[in-house]
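One file, model17.cif, carrying mmCIF, C-alpha atoms:
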```cif
data_run
loop_
_atom_site.label_atom_id
_atom_site.label_comp_id
_atom_site.auth_asym_id
_atom_site.auth_seq_id
_atom_site.Cartn_x
_atom_site.Cartn_y
_atom_site.Cartn_z
CA MET O 1 -2.88 -9.75 17.82
CA ILE O 2 -4.37 -8.92 14.43
CA LYS O 3 -5.10 -5.21 14.00
CA VAL O 4 -8.74 -4.55 13.15
CA SER O 5 -9.25 -1.02 11.82
CA VAL O 6 -12.68 0.48 11.21
CA TYR O 7 -13.10 3.41 8.80
CA ASP O 8 -15.99 5.63 7.77
CA GLY O 9 -16.91 6.23 4.12
CA ASP O 10 -14.11 8.79 3.71
CA LEU O 11 -11.57 6.34 5.18
CA ARG O 12 -11.22 8.26 8.41
CA GLU O 13 -10.39 5.81 11.14
CA ILE O 14 -13.23 5.41 13.60
CA ASP O 15 -11.32 3.02 15.84
CA HIS O 16 -8.88 0.15 15.84
CA VAL O 17 -8.39 -2.76 18.19
CA PHE O 18 -6.28 -5.91 18.35
CA THR O 19 -7.66 -9.42 18.50
CA ASP O 20 -7.05 -11.52 21.60
CA GLU O 21 -5.36 -14.94 21.66
CA GLU O 22 -8.57 -16.59 20.37
CA GLY O 23 -8.96 -14.04 17.57
CA ARG O 24 -11.87 -12.23 19.22
CA TYR O 25 -12.31 -8.49 19.13
CA SER O 26 -14.99 -5.89 19.73
CA VAL O 27 -15.33 -2.42 18.27
CA ALA O 28 -18.03 0.05 19.32
CA VAL O 29 -19.56 1.64 16.23
CA ALA O 30 -22.91 3.40 16.13
CA GLU O 31 -25.72 1.21 14.83
CA GLY O 32 -26.60 1.81 11.19
CA GLU O 33 -23.16 3.14 10.21
CA THR O 34 -21.66 1.93 6.94
CA VAL O 35 -18.01 1.14 7.52
CA THR O 36 -14.96 -0.49 5.99
CA VAL O 37 -13.03 -2.94 8.14
CA ARG O 38 -9.38 -3.86 7.50
CA PHE O 39 -7.74 -6.85 9.16
CA ASP O 40 -3.95 -6.79 9.11
CA THR O 41 -0.85 -7.66 11.04
CA HIS O 42 0.93 -5.01 13.07
CA HIS O 43 4.51 -4.25 12.00
CA SER O 44 5.80 -5.02 15.50
CA LEU O 45 4.72 -8.68 15.40
CA THR O 46 7.47 -11.20 14.77
CA ASN O 47 5.32 -12.88 12.12
CA ALA O 48 4.00 -9.68 10.48
CA ARG O 49 5.59 -10.68 7.15
CA ASP O 50 3.76 -14.02 7.13
CA TRP O 51 0.15 -12.92 6.58
CA GLN O 52 -1.83 -11.07 3.90
CA PRO O 53 -4.40 -8.43 4.93
CA SER O 54 -8.13 -8.68 4.32
CA VAL O 55 -10.76 -5.99 3.91
CA VAL O 56 -14.54 -5.84 4.03
CA THR O 57 -16.26 -2.76 2.62
CA LYS O 58 -19.77 -1.42 2.98
CA VAL O 59 -20.57 -3.17 6.25
CA THR O 60 -23.73 -1.74 7.79
CA THR O 61 -23.45 -2.11 11.53
CA SER O 62 -26.13 -3.34 13.85
CA ASP O 63 -26.02 -4.28 17.50
CA GLY O 64 -23.52 -7.14 17.75
CA THR O 65 -22.72 -7.44 14.04
CA PRO O 66 -20.38 -10.46 13.80
CA LEU O 67 -17.57 -10.11 11.29
CA ASP O 68 -15.12 -12.98 10.98
CA ARG O 69 -12.04 -12.99 8.75
CA SER O 70 -9.04 -15.24 8.42
CA LEU O 71 -5.74 -13.90 7.17
CA LEU O 72 -4.00 -16.11 4.65
CA PRO O 73 -0.29 -16.90 4.83
CA THR O 74 1.90 -15.00 2.37
CA ALA O 75 3.25 -18.25 0.94
CA PHE O 76 -0.25 -19.61 0.31
CA GLY O 77 -1.35 -19.85 -3.33
CA LEU O 78 -4.16 -17.32 -3.53
CA ASP O 79 -6.94 -17.41 -6.11
CA ALA O 80 -7.72 -14.19 -8.00
CA ALA O 81 -10.52 -13.08 -5.65
CA THR O 82 -8.46 -13.66 -2.50
CA SER O 83 -5.49 -11.90 -4.07
CA MET O 84 -7.74 -8.92 -4.85
CA ASP O 85 -8.86 -8.91 -1.22
CA ALA O 86 -5.23 -8.72 -0.07
CA LEU O 87 -4.46 -5.95 -2.57
CA GLY O 88 -7.52 -4.07 -1.26
CA GLY O 89 -6.03 -4.18 2.22
CA TYR O 90 -2.85 -2.59 0.91
CA VAL O 91 -4.79 0.01 -1.08
CA ILE O 92 -6.55 1.12 2.10
CA ALA O 93 -3.25 1.18 4.01
CA ALA O 94 -1.84 3.43 1.28
CA ALA O 95 -4.95 5.63 1.24
CA VAL O 96 -4.83 6.20 5.00
CA ARG O 97 -1.09 6.89 4.70
CA GLU O 98 0.28 3.95 6.63
CA VAL O 99 3.76 4.00 5.23
CA GLU O 100 6.85 4.45 7.36
CA GLU O 101 6.58 1.55 9.82
CA TYR O 102 4.18 -0.45 7.63
CA ALA O 103 6.19 -0.31 4.39
CA PRO O 104 8.90 -2.96 5.00
CA THR O 105 6.44 -5.74 5.77
CA ALA O 106 4.04 -4.53 3.07
CA VAL O 107 6.73 -4.68 0.37
CA HIS O 108 7.65 -8.22 1.37
CA ARG O 109 4.06 -9.42 1.51
CA ILE O 110 2.93 -7.69 -1.69
CA GLY O 111 5.91 -9.21 -3.48
CA MET O 112 4.71 -12.68 -2.49
CA LEU O 113 1.41 -12.29 -4.38
CA LYS O 114 1.13 -13.97 -7.78
CA GLN O 115 -1.30 -12.19 -10.08
CA THR O 116 -3.04 -13.84 -13.01
CA SER O 117 -4.23 -10.69 -14.78
CA LEU O 118 -2.42 -7.67 -16.15
CA VAL O 119 -4.71 -5.32 -14.23
CA LEU O 120 -3.85 -6.95 -10.90
CA GLN O 121 -0.16 -7.13 -11.83
CA SER O 122 -0.25 -3.39 -12.53
CA LEU O 123 -1.97 -2.65 -9.21
CA GLN O 124 0.51 -4.86 -7.38
CA GLN O 125 3.44 -2.99 -8.97
CA ARG O 126 1.93 0.41 -8.11
CA LEU O 127 1.57 -0.68 -4.48
CA LEU O 128 5.14 -1.99 -4.42
CA ASP O 129 6.34 1.33 -5.81
CA HIS O 130 4.27 3.28 -3.28
CA PHE O 131 5.54 1.40 -0.24
CA SER O 132 9.12 1.35 -1.56
CA GLU O 133 9.33 5.15 -1.80
CA PRO O 134 11.23 6.93 0.94
CA PRO O 135 8.98 8.71 3.50
CA GLY O 136 7.77 12.03 2.14
CA GLY O 137 8.55 10.93 -1.40
CA GLY O 138 5.03 11.22 -2.77
#
```

What does the file become when written as structure tokens?
Amino acid sequence: MIKVSVYDGDLREIDHVFTDEEGRYSVAVAEGETVTVRFDTHHSLTNARDWQPSVVTKVTTSDGTPLDRSLLPTAFGLDAATSMDALGGYVIAAAVREVEEYAPTAVHRIGMLKQTSLVLQSLQQRLLDHFSEPPGGG
């Protein structure tokens, strides 16, 4: 039950689906499209706070393009690249205005990240601030 969202270059959602019990999913996207794919938990899941999102950008689709991702647990020690991947998932969620229902789990999960650089710490804080704002607050 991981939400797989597919966006065009302007971050307009093309489609979203949920994985099945084995983690499989299928999304129909026209061949040759360049898309961004975000993998994330859905706020309604009982374990939504336990997993970090993942994002893949600039995927050019072809017939049957396989795209596998594994979400990492929030308590898992992430290296810098993996942490950036998780932050990218939150950046896209913010850009597509997923806030009200998404925010409580996002704040918890973002707070679990440990950044090793000032740039990533700053981005993490900006995302925390964004998802902590009341709806309609900016």

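With only C-alpha atoms as the atoms that count, the residue of O:Leu87, O:Glu31, O:Thr19, O:Gly9 with the shortest distance to Gln125 in chain O is O:Leu87.
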
Would you mind listing what lies within 12 Å of Arg109 in chain O as a PyMOL selection string, with only C-alpha atoms counted and same-chain residues fewer than 3 positions away left out? chain O and resi 40-41+43+47-53+72-76+83+86-87+89-90+102-106+112-114+124+127-128+131

Grab the CA of Leu123 in chain O to CA of Val91 in chain O distance for me, in Å with one decimal place. 9.0 Å

Explicit residues for the PyMOL selection byres ((chain O and resi 60-70) around 6) (as a ChimeraX atom specification): /O:31-34,59,71

Emit the selected residues as a short mmCIF file (atom, residue, chain, number, x, y, z; two decimals), keeping the file's coordinate frame, including C-alpha atoms.
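File produced: selection-v3.cif:
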```
data_model
loop_
_atom_site.label_atom_id
_atom_site.label_comp_id
_atom_site.auth_asym_id
_atom_site.auth_seq_id
_atom_site.Cartn_x
_atom_site.Cartn_y
_atom_site.Cartn_z
CA GLU O 31 -25.72 1.21 14.83
CA GLY O 32 -26.60 1.81 11.19
CA GLU O 33 -23.16 3.14 10.21
CA THR O 34 -21.66 1.93 6.94
CA VAL O 59 -20.57 -3.17 6.25
CA LEU O 71 -5.74 -13.90 7.17
#
```

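When the PyMOL selection byres ((chain O and resi 97) around 12) is run on the displayed coordinates, the residues it returns are Leu11, Arg12, Glu13, Tyr90, Val91, Ile92, Ala93, Ala94, Ala95, Val96, Glu98, Val99, Glu100, Glu101, Tyr102, Ala103, His130, Phe131, Pro135, Gly136 and Gly138 of chain O.
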
Which of these, O:Met1, O:Val35, O:Met84, O:Val6, has the shortest distance to Glu22 in chain O once you count only C-alpha atoms? O:Met1

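Computed from the coordinates, the CA of Ser5 in chain O to CA of Ser117 in chain O distance equals 28.7 Å.
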
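Using all atoms listed in the file, the smallest distance between any of O:Val119, O:Val37, O:Ile2, O:Val55 and Gly23 in chain O comes from O:Ile2.
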
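Computed from the coordinates, the CA of Val4 in chain O to CA of Ala30 in chain O distance equals 16.5 Å.
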
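With only C-alpha atoms as the basis for measurement, O:Lys3 is the residue among O:Lys3, O:Leu120, O:Leu45, O:Asp8 that approaches Tyr25 in chain O most closely.
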
Given only C-alpha atoms as the counted atoms, nearest of O:Ile110, O:Asp20, O:Thr116, O:Thr57 to Asp129 in chain O: O:Ile110
